[in-house]
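Here the structure comes first, spelled out in structure tokens, and everything after it is commentary.
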Amino acid sequence: MLSARNLEVVYDDVVLALRGVSIDVPEDRIVALLGSNGAGKTTLLRALTGLLDIHDGEVTKGRVTLDDTPIHRASPERVVRQGVRQVLEGRRVFVELSVEENLKVGAHTARSRMADNLERVYALFPVLGDRRAAVAGYLSGGEQQMLAIGRAMMSEPRYLLLDEPTLGLAPRMVENIRDVVLEINKGGTAVLLVEQNATMALSIAHHGYVMETGRVVLDKPAEALLKDDDVREFYLGLH
Ligand code: ATP
């Protein structure tokens, strides 16, 4: 289980971005993380993957644990080696490298299994297999998102953290990403899914959290969140 307990995060010694956040991502589950802009979702992902330092952020209280071992002081490389992998918001791929080269870069923790993992990623995203020699910069936005997720899958993560994977994508591509997240989870990887698209996220998640101004304000099974009046009004646009 990947967990945050009473996590407090401060940026530049002054900006209090998380004010005592606790969440659990159990093995093999899909967990949705919802919340408006600036609620602290990205900060929480950074805290879970050792990426706070490079953003001048610091855990000032609480802790992050992986199978009960504290990891909030671990380097990003160690966190990846331990099976926790994040796909950053904004589809960061190496635009000048080919699709396959991008995937090979992602494989640094499991070189000996590179060929198997490449096939696994191509099975998950057939379009990447078809375009394996194409320069990544020429892929569509949706394809680049697939490539970013595929690259993360090359290191066989136990936990995959996705930051807004469907942002700006056409509905058909959103469906595609949704199916892939389900497939990845079926393969035994737990997923923490940060999404603006609450309907999509809650339709596949087992559990969900809603954050507001650095706090978790709702913590419920996804099904219950879909029925929650505030969630329906603010995140699903239903009354
Ligand atoms: P979004 O959906 O807009 O990405 P979010 O829920 O992911 O929002 P965060 O990006 O985690 O929210 O931001 C939480 C708070 O921390 C905000 O007030 C933001 O301005 C602040 N913050 C984020 N990154 C930094 C940084 N590097 N330095 C200072 N403040 C930051």
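In the structure tokens, the first chain shown is A, the next is B, and so on; residue numbers restart at 1 for each chain, and ligands run from 1 in the order shown.
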Could I get the residue neighbourhood of ligand 1 at 9 Å, counting only C-alpha atoms and all ligand atoms, as a ChimeraX atom specification? /A:9-12,14-18,34-46,52,54-57,89,163-164,194-196,211-214
Please produce an output containing N, CA, C and O atoms for each residue in the selection, written as a compact mmCIF listing (two decimals), in the first residue's frame.
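Wrote it out as result17.txt, contents follow:
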```txt
# COMPACT_ATOMS: atom_id res chain seq x y z
N VAL A 9 2.85 20.07 3.40
CA VAL A 9 3.91 20.46 2.45
C VAL A 9 3.94 21.97 2.32
O VAL A 9 2.90 22.62 2.19
N VAL A 10 5.15 22.50 2.37
CA VAL A 10 5.34 23.95 2.24
C VAL A 10 6.27 24.20 1.06
O VAL A 10 7.26 23.49 0.88
N TYR A 11 5.94 25.20 0.22
CA TYR A 11 6.82 25.63 -0.86
C TYR A 11 7.54 26.90 -0.44
O TYR A 11 6.94 27.79 0.18
N ASP A 12 8.81 27.00 -0.82
CA ASP A 12 9.61 28.22 -0.57
C ASP A 12 9.50 28.69 0.87
O ASP A 12 9.53 29.91 1.13
N VAL A 14 7.13 29.22 2.64
CA VAL A 14 5.97 30.06 2.99
C VAL A 14 4.60 29.54 2.53
O VAL A 14 3.61 29.69 3.24
N VAL A 15 4.54 28.95 1.32
CA VAL A 15 3.23 28.55 0.79
C VAL A 15 2.83 27.18 1.34
O VAL A 15 3.48 26.18 1.08
N LEU A 16 1.77 27.19 2.14
CA LEU A 16 1.30 25.93 2.74
C LEU A 16 0.36 25.26 1.72
O LEU A 16 -0.80 25.66 1.57
N ALA A 17 0.87 24.25 1.01
CA ALA A 17 0.10 23.65 -0.09
C ALA A 17 -0.70 22.43 0.35
O ALA A 17 -1.79 22.18 -0.17
N LEU A 18 -0.19 21.66 1.30
CA LEU A 18 -0.96 20.55 1.87
C LEU A 18 -1.05 20.76 3.38
O LEU A 18 -0.06 21.05 4.03
N LEU A 34 -9.77 13.98 -6.96
CA LEU A 34 -10.45 15.11 -7.61
C LEU A 34 -10.21 16.39 -6.81
O LEU A 34 -9.84 16.33 -5.63
N GLY A 35 -10.49 17.52 -7.45
CA GLY A 35 -10.35 18.79 -6.74
C GLY A 35 -10.11 19.90 -7.74
O GLY A 35 -9.60 19.65 -8.83
N SER A 36 -10.46 21.11 -7.34
CA SER A 36 -10.34 22.22 -8.29
C SER A 36 -8.87 22.64 -8.42
O SER A 36 -8.00 22.14 -7.70
N ASN A 37 -8.60 23.57 -9.31
CA ASN A 37 -7.24 24.07 -9.52
C ASN A 37 -6.66 24.61 -8.23
O ASN A 37 -7.33 25.34 -7.51
N GLY A 38 -5.42 24.24 -7.96
CA GLY A 38 -4.75 24.75 -6.78
C GLY A 38 -5.10 24.03 -5.49
O GLY A 38 -4.64 24.41 -4.41
N ALA A 39 -5.90 22.96 -5.58
CA ALA A 39 -6.31 22.23 -4.37
C ALA A 39 -5.15 21.48 -3.73
O ALA A 39 -5.17 21.19 -2.53
N GLY A 40 -4.12 21.17 -4.55
CA GLY A 40 -2.96 20.48 -3.99
C GLY A 40 -2.72 19.08 -4.57
O GLY A 40 -1.89 18.32 -4.06
N LYS A 41 -3.43 18.73 -5.63
CA LYS A 41 -3.33 17.38 -6.18
C LYS A 41 -1.92 17.09 -6.72
O LYS A 41 -1.34 16.05 -6.42
N THR A 42 -1.41 18.02 -7.52
CA THR A 42 -0.07 17.82 -8.08
C THR A 42 0.97 17.78 -6.97
O THR A 42 1.91 16.99 -7.00
N THR A 43 0.78 18.63 -5.98
CA THR A 43 1.72 18.64 -4.85
C THR A 43 1.72 17.29 -4.14
O THR A 43 2.79 16.77 -3.78
N LEU A 44 0.55 16.70 -3.99
CA LEU A 44 0.47 15.39 -3.34
C LEU A 44 1.23 14.35 -4.17
O LEU A 44 1.99 13.55 -3.63
N LEU A 45 1.04 14.37 -5.49
CA LEU A 45 1.77 13.42 -6.34
C LEU A 45 3.28 13.63 -6.20
O LEU A 45 4.04 12.68 -6.11
N ARG A 46 3.69 14.90 -6.19
CA ARG A 46 5.14 15.16 -6.04
C ARG A 46 5.66 14.61 -4.72
O ARG A 46 6.77 14.07 -4.65
N LEU A 52 9.34 16.78 -4.75
CA LEU A 52 9.10 18.10 -4.14
C LEU A 52 10.34 18.99 -4.18
O LEU A 52 10.24 20.18 -4.48
N ILE A 54 12.79 19.45 -6.22
CA ILE A 54 13.11 20.24 -7.41
C ILE A 54 12.10 21.37 -7.63
O ILE A 54 12.29 22.22 -8.49
N HIS A 55 11.03 21.38 -6.85
CA HIS A 55 10.05 22.48 -6.94
C HIS A 55 10.12 23.37 -5.69
O HIS A 55 9.18 24.09 -5.38
N ASP A 56 11.21 23.24 -4.94
CA ASP A 56 11.37 24.01 -3.70
C ASP A 56 10.28 23.74 -2.69
O ASP A 56 9.86 24.62 -1.94
N GLY A 57 9.78 22.51 -2.70
CA GLY A 57 8.78 22.11 -1.71
C GLY A 57 9.40 21.18 -0.68
O GLY A 57 10.44 20.56 -0.92
N GLU A 89 1.86 15.82 -15.56
CA GLU A 89 0.87 16.53 -16.36
C GLU A 89 1.58 17.10 -17.60
O GLU A 89 2.71 17.56 -17.52
N ASP A 163 -1.27 12.27 -13.69
CA ASP A 163 -1.72 13.63 -13.42
C ASP A 163 -2.48 14.16 -14.64
O ASP A 163 -1.85 14.52 -15.65
N GLU A 164 -3.78 14.19 -14.56
CA GLU A 164 -4.64 14.74 -15.62
C GLU A 164 -4.36 14.14 -17.00
O GLU A 164 -4.11 14.89 -17.96
N VAL A 194 -5.38 11.42 -11.02
CA VAL A 194 -5.81 12.81 -10.81
C VAL A 194 -6.55 13.25 -12.07
O VAL A 194 -6.01 13.15 -13.16
N GLU A 195 -7.77 13.68 -11.91
CA GLU A 195 -8.59 13.99 -13.09
C GLU A 195 -9.50 15.19 -12.88
O GLU A 195 -10.09 15.37 -11.82
N GLN A 196 -9.64 15.99 -13.93
CA GLN A 196 -10.70 17.00 -13.97
C GLN A 196 -11.99 16.33 -14.41
O GLN A 196 -13.08 16.76 -14.06
N MET A 211 -10.16 16.91 -2.90
CA MET A 211 -9.34 17.87 -2.15
C MET A 211 -9.82 19.29 -2.39
O MET A 211 -10.30 19.63 -3.47
N GLU A 212 -9.67 20.10 -1.34
CA GLU A 212 -9.93 21.54 -1.46
C GLU A 212 -8.89 22.26 -0.63
O GLU A 212 -8.66 21.86 0.53
N THR A 213 -8.30 23.30 -1.18
CA THR A 213 -7.28 24.11 -0.49
C THR A 213 -6.41 23.31 0.48
O THR A 213 -6.32 23.61 1.67
N GLY A 214 -5.74 22.30 -0.08
CA GLY A 214 -4.74 21.57 0.70
C GLY A 214 -5.26 20.54 1.67
O GLY A 214 -4.49 19.99 2.46
```
Write out as a ChimeraX atom specification which residues come within 8 Å of Ser3 (chain A) when counting only C-alpha atoms, dropping same-chain ones fewer than 2 positions away. /A:1,5,22-25,64-66
Now that the selection is made, can you save its residues with N, CA and C atoms as a JSON list (two decimals), in the first residue's frame?
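Output file result.json is given in full below:
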```json
[["chain", "number", "residue", "atom", "x", "y", "z"],
["A", 1, "MET", "N", 0.84, -1.20, 0.00],
["A", 1, "MET", "CA", 0.00, 0.00, 0.00],
["A", 1, "MET", "C", 0.88, 1.26, 0.00],
["A", 5, "ARG", "N", 0.20, 10.16, 5.25],
["A", 5, "ARG", "CA", -0.41, 10.36, 6.56],
["A", 5, "ARG", "C", -0.17, 11.77, 7.07],
["A", 22, "SER", "N", -4.23, 12.79, 4.26],
["A", 22, "SER", "CA", -4.05, 11.35, 4.39],
["A", 22, "SER", "C", -4.80, 10.65, 3.26],
["A", 23, "ILE", "N", -4.07, 9.83, 2.51],
["A", 23, "ILE", "CA", -4.75, 8.99, 1.50],
["A", 23, "ILE", "C", -4.09, 7.62, 1.47],
["A", 24, "ASP", "N", -4.82, 6.64, 0.97],
["A", 24, "ASP", "CA", -4.28, 5.29, 0.79],
["A", 24, "ASP", "C", -4.50, 4.85, -0.65],
["A", 25, "VAL", "N", -3.46, 4.31, -1.25],
["A", 25, "VAL", "CA", -3.62, 3.64, -2.55],
["A", 25, "VAL", "C", -3.27, 2.17, -2.33],
["A", 64, "VAL", "N", 5.04, 9.85, 4.02],
["A", 64, "VAL", "CA", 4.59, 8.98, 2.93],
["A", 64, "VAL", "C", 5.20, 7.62, 3.19],
["A", 65, "THR", "N", 4.40, 6.58, 3.09],
["A", 65, "THR", "CA", 4.94, 5.24, 3.30],
["A", 65, "THR", "C", 4.58, 4.33, 2.14],
["A", 66, "LEU", "N", 5.51, 3.41, 1.86],
["A", 66, "LEU", "CA", 5.28, 2.35, 0.88],
["A", 66, "LEU", "C", 5.44, 1.05, 1.65]]
```
Problem set entry | Nearest residue to Asn117 (chain A) from the set A:Arg85, A:Arg151, A:Arg158, A:Arg92 (distances using only C-alpha atoms) |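 Smallest distance to Asn117 (chain A) is found for A:Arg151.
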- Give the strand (DSSP E or B) residues of region 10-236 of chain A, as assigned by DSSP on the backbone, as number ranges by chain. A: 10-11, 15-25, 30-35, 57-66, 69-70, 84-87, 98, 135, 159-163, 190-194, 207-212, 215-221
What does the structure give for the distance between CA of Ala32 (chain A) and CA of Tyr209 (chain A), in Å to one decimal?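 Spanning CA of Ala32 (chain A) to CA of Tyr209 (chain A) is a straight-line distance of 6.3 Å.
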Problem set entry | Surrounding residues of Ser155 (chain A) excluding itself and chain neighbours under 3 positions, 10 Å, only C-alpha atoms, as a ChimeraX atom specification | /A:80-81,83-85,103-111,113-114,117,150-152,158
Give the helix (DSSP H, G or I) residues of region 28-85 of chain A, as DSSP finds them on the backbone, and put them as a PDB file with N, CA, C and O atoms, in the first residue's frame.
```
ATOM      1  N   LYS A  41      -3.427  18.735  -5.630  1.00  0.00           N
ATOM      2  CA  LYS A  41      -3.330  17.381  -6.177  1.00  0.00           C
ATOM      3  C   LYS A  41      -1.924  17.087  -6.720  1.00  0.00           C
ATOM      4  O   LYS A  41      -1.340  16.047  -6.416  1.00  0.00           O
ATOM      5  N   THR A  42      -1.410  18.017  -7.520  1.00  0.00           N
ATOM      6  CA  THR A  42      -0.074  17.815  -8.083  1.00  0.00           C
ATOM      7  C   THR A  42       0.973  17.783  -6.969  1.00  0.00           C
ATOM      8  O   THR A  42       1.909  16.985  -7.004  1.00  0.00           O
ATOM      9  N   THR A  43       0.784  18.626  -5.982  1.00  0.00           N
ATOM     10  CA  THR A  43       1.718  18.645  -4.846  1.00  0.00           C
ATOM     11  C   THR A  43       1.721  17.289  -4.139  1.00  0.00           C
ATOM     12  O   THR A  43       2.786  16.768  -3.778  1.00  0.00           O
ATOM     13  N   LEU A  44       0.551  16.703  -3.986  1.00  0.00           N
ATOM     14  CA  LEU A  44       0.471  15.394  -3.337  1.00  0.00           C
ATOM     15  C   LEU A  44       1.225  14.350  -4.169  1.00  0.00           C
ATOM     16  O   LEU A  44       1.991  13.549  -3.627  1.00  0.00           O
ATOM     17  N   LEU A  45       1.039  14.371  -5.489  1.00  0.00           N
ATOM     18  CA  LEU A  45       1.766  13.422  -6.343  1.00  0.00           C
ATOM     19  C   LEU A  45       3.278  13.629  -6.203  1.00  0.00           C
ATOM     20  O   LEU A  45       4.038  12.678  -6.109  1.00  0.00           O
ATOM     21  N   ARG A  46       3.693  14.897  -6.189  1.00  0.00           N
ATOM     22  CA  ARG A  46       5.138  15.165  -6.038  1.00  0.00           C
ATOM     23  C   ARG A  46       5.657  14.611  -4.715  1.00  0.00           C
ATOM     24  O   ARG A  46       6.765  14.069  -4.648  1.00  0.00           O
ATOM     25  N   ALA A  47       4.861  14.752  -3.675  1.00  0.00           N
ATOM     26  CA  ALA A  47       5.289  14.259  -2.360  1.00  0.00           C
ATOM     27  C   ALA A  47       5.378  12.733  -2.367  1.00  0.00           C
ATOM     28  O   ALA A  47       6.220  12.136  -1.705  1.00  0.00           O
ATOM     29  N   LEU A  48       4.512  12.092  -3.155  1.00  0.00           N
ATOM     30  CA  LEU A  48       4.507  10.623  -3.204  1.00  0.00           C
ATOM     31  C   LEU A  48       5.679  10.080  -4.016  1.00  0.00           C
ATOM     32  O   LEU A  48       6.029   8.916  -3.890  1.00  0.00           O
ATOM     33  N   THR A  49       6.273  10.913  -4.882  1.00  0.00           N
ATOM     34  CA  THR A  49       7.313  10.408  -5.785  1.00  0.00           C
ATOM     35  C   THR A  49       8.669  11.093  -5.617  1.00  0.00           C
ATOM     36  O   THR A  49       9.537  10.965  -6.473  1.00  0.00           O
ATOM     37  N   ASP A  53      11.492  18.368  -3.899  1.00  0.00           N
ATOM     38  CA  ASP A  53      12.751  19.113  -3.822  1.00  0.00           C
ATOM     39  C   ASP A  53      12.970  20.030  -5.008  1.00  0.00           C
ATOM     40  O   ASP A  53      13.267  21.216  -4.837  1.00  0.00           O
ATOM     41  N   ILE A  54      12.791  19.454  -6.220  1.00  0.00           N
ATOM     42  CA  ILE A  54      13.107  20.244  -7.413  1.00  0.00           C
ATOM     43  C   ILE A  54      12.104  21.370  -7.632  1.00  0.00           C
ATOM     44  O   ILE A  54      12.295  22.216  -8.487  1.00  0.00           O
ATOM     45  N   HIS A  55      11.025  21.384  -6.848  1.00  0.00           N
ATOM     46  CA  HIS A  55      10.054  22.482  -6.943  1.00  0.00           C
ATOM     47  C   HIS A  55      10.118  23.370  -5.690  1.00  0.00           C
ATOM     48  O   HIS A  55       9.179  24.094  -5.384  1.00  0.00           O
ATOM     49  N   PRO A  76      13.803  10.693  -6.217  1.00  0.00           N
ATOM     50  CA  PRO A  76      12.867  10.214  -7.244  1.00  0.00           C
ATOM     51  C   PRO A  76      13.322   8.887  -7.861  1.00  0.00           C
ATOM     52  O   PRO A  76      12.500   8.019  -8.136  1.00  0.00           O
ATOM     53  N   GLU A  77      14.641   8.714  -8.051  1.00  0.00           N
ATOM     54  CA  GLU A  77      15.155   7.479  -8.659  1.00  0.00           C
ATOM     55  C   GLU A  77      14.853   6.283  -7.764  1.00  0.00           C
ATOM     56  O   GLU A  77      14.466   5.216  -8.229  1.00  0.00           O
ATOM     57  N   ARG A  78      15.017   6.465  -6.450  1.00  0.00           N
ATOM     58  CA  ARG A  78      14.754   5.347  -5.536  1.00  0.00           C
ATOM     59  C   ARG A  78      13.272   5.003  -5.518  1.00  0.00           C
ATOM     60  O   ARG A  78      12.881   3.844  -5.465  1.00  0.00           O
ATOM     61  N   VAL A  79      12.449   6.047  -5.558  1.00  0.00           N
ATOM     62  CA  VAL A  79      10.999   5.808  -5.555  1.00  0.00           C
ATOM     63  C   VAL A  79      10.610   4.989  -6.787  1.00  0.00           C
ATOM     64  O   VAL A  79       9.850   4.017  -6.693  1.00  0.00           O
ATOM     65  N   VAL A  80      11.183   5.335  -7.948  1.00  0.00           N
ATOM     66  CA  VAL A  80      10.904   4.569  -9.176  1.00  0.00           C
ATOM     67  C   VAL A  80      11.383   3.132  -9.003  1.00  0.00           C
ATOM     68  O   VAL A  80      10.668   2.182  -9.332  1.00  0.00           O
ATOM     69  N   ARG A  81      12.597   2.969  -8.470  1.00  0.00           N
ATOM     70  CA  ARG A  81      13.121   1.601  -8.280  1.00  0.00           C
ATOM     71  C   ARG A  81      12.215   0.785  -7.371  1.00  0.00           C
ATOM     72  O   ARG A  81      12.127  -0.423  -7.488  1.00  0.00           O
TER      73      ARG A  81
END
```
Using only C-alpha atoms, the best pick from A:Lys186, A:Arg172, A:Thr199, A:Pro26 as closest to Lys227 (chain A) would be A:Thr199
* **A:Val21, A:Leu88, A:Val31, A:Leu2 ranked by distance to His207 (chain A), top pick (using only C-alpha atoms)** =>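 The closest residue to His207 (chain A) is A:Val31.
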key: Nearby residues (only C-alpha atoms) at most 12 Å from Leu202 (chain A), same-chain spacing under 2 positions excluded, as number ranges by chain   = A: 30-34, 178, 192-200, 204-210, 220-228, 231-232, 235-236
Quick one: write out the picked residues with N, CA, C and O atoms as a short mmCIF file (atom, residue, chain, number, x, y, z; two decimals), in the first residue's frame?
```
data_model
loop_
_atom_site.label_atom_id
_atom_site.label_comp_id
_atom_site.auth_asym_id
_atom_site.auth_seq_id
_atom_site.Cartn_x
_atom_site.Cartn_y
_atom_site.Cartn_z
N ILE A 30 -7.77 1.16 -8.22
CA ILE A 30 -7.74 2.46 -8.90
C ILE A 30 -8.34 3.47 -7.93
O ILE A 30 -9.45 3.27 -7.42
N VAL A 31 -7.59 4.52 -7.64
CA VAL A 31 -8.04 5.56 -6.72
C VAL A 31 -8.09 6.88 -7.48
O VAL A 31 -7.12 7.26 -8.14
N ALA A 32 -9.24 7.56 -7.41
CA ALA A 32 -9.39 8.85 -8.09
C ALA A 32 -9.12 9.99 -7.11
O ALA A 32 -9.50 9.91 -5.94
N LEU A 33 -8.44 11.02 -7.61
CA LEU A 33 -8.16 12.20 -6.80
C LEU A 33 -8.72 13.40 -7.54
O LEU A 33 -8.24 13.75 -8.61
N LEU A 34 -9.77 13.98 -6.96
CA LEU A 34 -10.45 15.11 -7.61
C LEU A 34 -10.21 16.39 -6.81
O LEU A 34 -9.84 16.33 -5.63
N ARG A 178 -9.19 5.78 -20.71
CA ARG A 178 -9.97 5.11 -19.67
C ARG A 178 -9.80 3.58 -19.78
O ARG A 178 -9.52 2.91 -18.79
N LEU A 192 -3.24 5.74 -9.22
CA LEU A 192 -3.78 6.94 -8.59
C LEU A 192 -4.03 7.94 -9.72
O LEU A 192 -3.09 8.35 -10.42
N LEU A 193 -5.30 8.27 -9.92
CA LEU A 193 -5.71 9.02 -11.10
C LEU A 193 -6.20 10.41 -10.72
O LEU A 193 -7.26 10.57 -10.13
N VAL A 194 -5.38 11.42 -11.02
CA VAL A 194 -5.81 12.81 -10.81
C VAL A 194 -6.55 13.25 -12.07
O VAL A 194 -6.01 13.15 -13.16
N GLU A 195 -7.77 13.68 -11.91
CA GLU A 195 -8.59 13.99 -13.09
C GLU A 195 -9.50 15.19 -12.88
O GLU A 195 -10.09 15.37 -11.82
N GLN A 196 -9.64 15.99 -13.93
CA GLN A 196 -10.70 17.00 -13.97
C GLN A 196 -11.99 16.33 -14.41
O GLN A 196 -13.08 16.76 -14.06
N ASN A 197 -11.83 15.27 -15.23
CA ASN A 197 -12.98 14.55 -15.74
C ASN A 197 -13.47 13.57 -14.67
O ASN A 197 -13.14 12.38 -14.68
N ALA A 198 -14.27 14.11 -13.73
CA ALA A 198 -14.68 13.31 -12.57
C ALA A 198 -15.56 12.14 -12.98
O ALA A 198 -15.48 11.06 -12.38
N THR A 199 -16.39 12.33 -13.99
CA THR A 199 -17.28 11.25 -14.42
C THR A 199 -16.46 10.04 -14.86
O THR A 199 -16.71 8.91 -14.45
N MET A 200 -15.47 10.31 -15.69
CA MET A 200 -14.63 9.22 -16.17
C MET A 200 -13.88 8.57 -15.01
O MET A 200 -13.89 7.36 -14.84
N ILE A 204 -14.39 4.38 -13.16
CA ILE A 204 -13.48 3.23 -13.13
C ILE A 204 -12.78 3.05 -11.78
O ILE A 204 -12.18 2.01 -11.55
N ALA A 205 -12.87 4.07 -10.90
CA ALA A 205 -12.13 3.98 -9.63
C ALA A 205 -12.88 3.12 -8.61
O ALA A 205 -14.10 2.99 -8.68
N HIS A 206 -12.12 2.53 -7.71
CA HIS A 206 -12.73 1.85 -6.57
C HIS A 206 -13.03 2.85 -5.45
O HIS A 206 -14.03 2.76 -4.77
N HIS A 207 -12.10 3.80 -5.29
CA HIS A 207 -12.23 4.75 -4.19
C HIS A 207 -11.88 6.14 -4.71
O HIS A 207 -11.19 6.26 -5.72
N GLY A 208 -12.37 7.17 -4.04
CA GLY A 208 -12.04 8.52 -4.48
C GLY A 208 -11.83 9.47 -3.32
O GLY A 208 -12.40 9.29 -2.23
N TYR A 209 -11.00 10.47 -3.58
CA TYR A 209 -10.78 11.55 -2.62
C TYR A 209 -11.07 12.87 -3.34
O TYR A 209 -10.74 13.02 -4.51
N VAL A 210 -11.65 13.81 -2.61
CA VAL A 210 -11.82 15.16 -3.13
C VAL A 210 -11.00 16.10 -2.25
O VAL A 210 -11.13 16.06 -1.02
N LYS A 220 -14.31 8.59 0.07
CA LYS A 220 -15.40 7.62 -0.01
C LYS A 220 -15.18 6.63 -1.17
O LYS A 220 -14.46 6.97 -2.13
N PRO A 221 -15.88 5.50 -1.13
CA PRO A 221 -15.88 4.64 -2.31
C PRO A 221 -16.39 5.45 -3.51
O PRO A 221 -17.25 6.33 -3.35
N ALA A 222 -15.86 5.15 -4.70
CA ALA A 222 -16.22 5.93 -5.89
C ALA A 222 -17.73 5.96 -6.11
O ALA A 222 -18.30 7.00 -6.47
N GLU A 223 -18.35 4.83 -5.89
CA GLU A 223 -19.81 4.76 -6.07
C GLU A 223 -20.55 5.76 -5.18
O GLU A 223 -21.50 6.40 -5.62
N ALA A 224 -20.09 5.89 -3.95
CA ALA A 224 -20.72 6.82 -3.02
C ALA A 224 -20.46 8.27 -3.45
O ALA A 224 -21.32 9.14 -3.32
N LEU A 225 -19.25 8.53 -3.97
CA LEU A 225 -18.95 9.89 -4.43
C LEU A 225 -19.84 10.28 -5.61
O LEU A 225 -20.26 11.43 -5.73
N LEU A 226 -20.12 9.30 -6.47
CA LEU A 226 -21.00 9.59 -7.62
C LEU A 226 -22.38 10.01 -7.16
O LEU A 226 -23.09 10.71 -7.87
N LYS A 227 -22.75 9.58 -5.93
CA LYS A 227 -24.09 9.92 -5.42
C LYS A 227 -24.06 11.14 -4.50
O LYS A 227 -25.10 11.62 -4.07
N ASP A 228 -22.85 11.62 -4.17
CA ASP A 228 -22.72 12.73 -3.22
C ASP A 228 -23.21 14.03 -3.88
O ASP A 228 -22.79 14.38 -4.99
N VAL A 231 -20.46 16.56 -4.91
CA VAL A 231 -19.68 16.07 -6.06
C VAL A 231 -20.52 16.19 -7.32
O VAL A 231 -20.03 16.65 -8.36
N ARG A 232 -21.78 15.83 -7.22
CA ARG A 232 -22.65 15.90 -8.41
C ARG A 232 -22.76 17.33 -8.92
O ARG A 232 -22.70 17.59 -10.10
N TYR A 235 -18.55 18.77 -9.49
CA TYR A 235 -17.62 18.06 -10.35
C TYR A 235 -18.30 17.34 -11.51
O TYR A 235 -17.68 17.04 -12.51
N LEU A 236 -19.57 17.02 -11.37
CA LEU A 236 -20.25 16.30 -12.44
C LEU A 236 -21.24 17.20 -13.19
O LEU A 236 -21.82 16.78 -14.18
#
```
*asked:* Using only C-alpha atoms, which protein or nucleic acid residues come within 8 Å of Lys61 (chain A)? Drop anything in the same chain fewer than 6 positions from it, and give the result as a ChimeraX atom specification.
replied: /A:6-9,20
Residues from the last selection, N, CA, C and O atoms, saved as a PDB file, in the first residue's frame:
```
ATOM      1  N   ASN A   6      -1.242  12.501   7.295  1.00  0.00           N
ATOM      2  CA  ASN A   6      -1.157  13.862   7.870  1.00  0.00           C
ATOM      3  C   ASN A   6      -0.077  14.712   7.216  1.00  0.00           C
ATOM      4  O   ASN A   6       0.677  15.404   7.885  1.00  0.00           O
ATOM      5  N   LEU A   7      -0.031  14.632   5.904  1.00  0.00           N
ATOM      6  CA  LEU A   7       1.056  15.256   5.170  1.00  0.00           C
ATOM      7  C   LEU A   7       0.880  16.772   5.080  1.00  0.00           C
ATOM      8  O   LEU A   7      -0.151  17.265   4.645  1.00  0.00           O
ATOM      9  N   GLU A   8       1.935  17.473   5.503  1.00  0.00           N
ATOM     10  CA  GLU A   8       1.952  18.921   5.346  1.00  0.00           C
ATOM     11  C   GLU A   8       3.122  19.265   4.428  1.00  0.00           C
ATOM     12  O   GLU A   8       4.226  18.770   4.637  1.00  0.00           O
ATOM     13  N   VAL A   9       2.850  20.068   3.396  1.00  0.00           N
ATOM     14  CA  VAL A   9       3.905  20.456   2.452  1.00  0.00           C
ATOM     15  C   VAL A   9       3.937  21.968   2.316  1.00  0.00           C
ATOM     16  O   VAL A   9       2.896  22.623   2.193  1.00  0.00           O
ATOM     17  N   GLY A  20      -2.194  18.599   6.045  1.00  0.00           N
ATOM     18  CA  GLY A  20      -2.575  17.402   6.783  1.00  0.00           C
ATOM     19  C   GLY A  20      -3.399  16.451   5.934  1.00  0.00           C
ATOM     20  O   GLY A  20      -4.560  16.178   6.226  1.00  0.00           O
TER      21      GLY A  20
END
```
Notebook entry, point to check: Of the candidates A:Glu27, A:Asp130, A:Glu156, A:Glu119, which shows the shortest atom-to-atom distance to Gln82 (chain A), using only C-alpha atoms?
Noted result: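 Nearest candidate to Gln82 (chain A) out of A:Glu27, A:Asp130, A:Glu156, A:Glu119: A:Glu156.
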Exercise for the section: May I ask for the distance between CA of Val174 (chain A) and CA of Tyr138 (chain A), given in Å to one decimal place? Expected result: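 Spanning CA of Val174 (chain A) to CA of Tyr138 (chain A) is a straight-line distance of 19.6 Å.
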Enter the distance from CA of Gln145 (chain A) to CA of Val87 (chain A), in Å, rounded to one decimal.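 So the two atoms, CA of Gln145 (chain A) and CA of Val87 (chain A), lie 9.0 Å apart.
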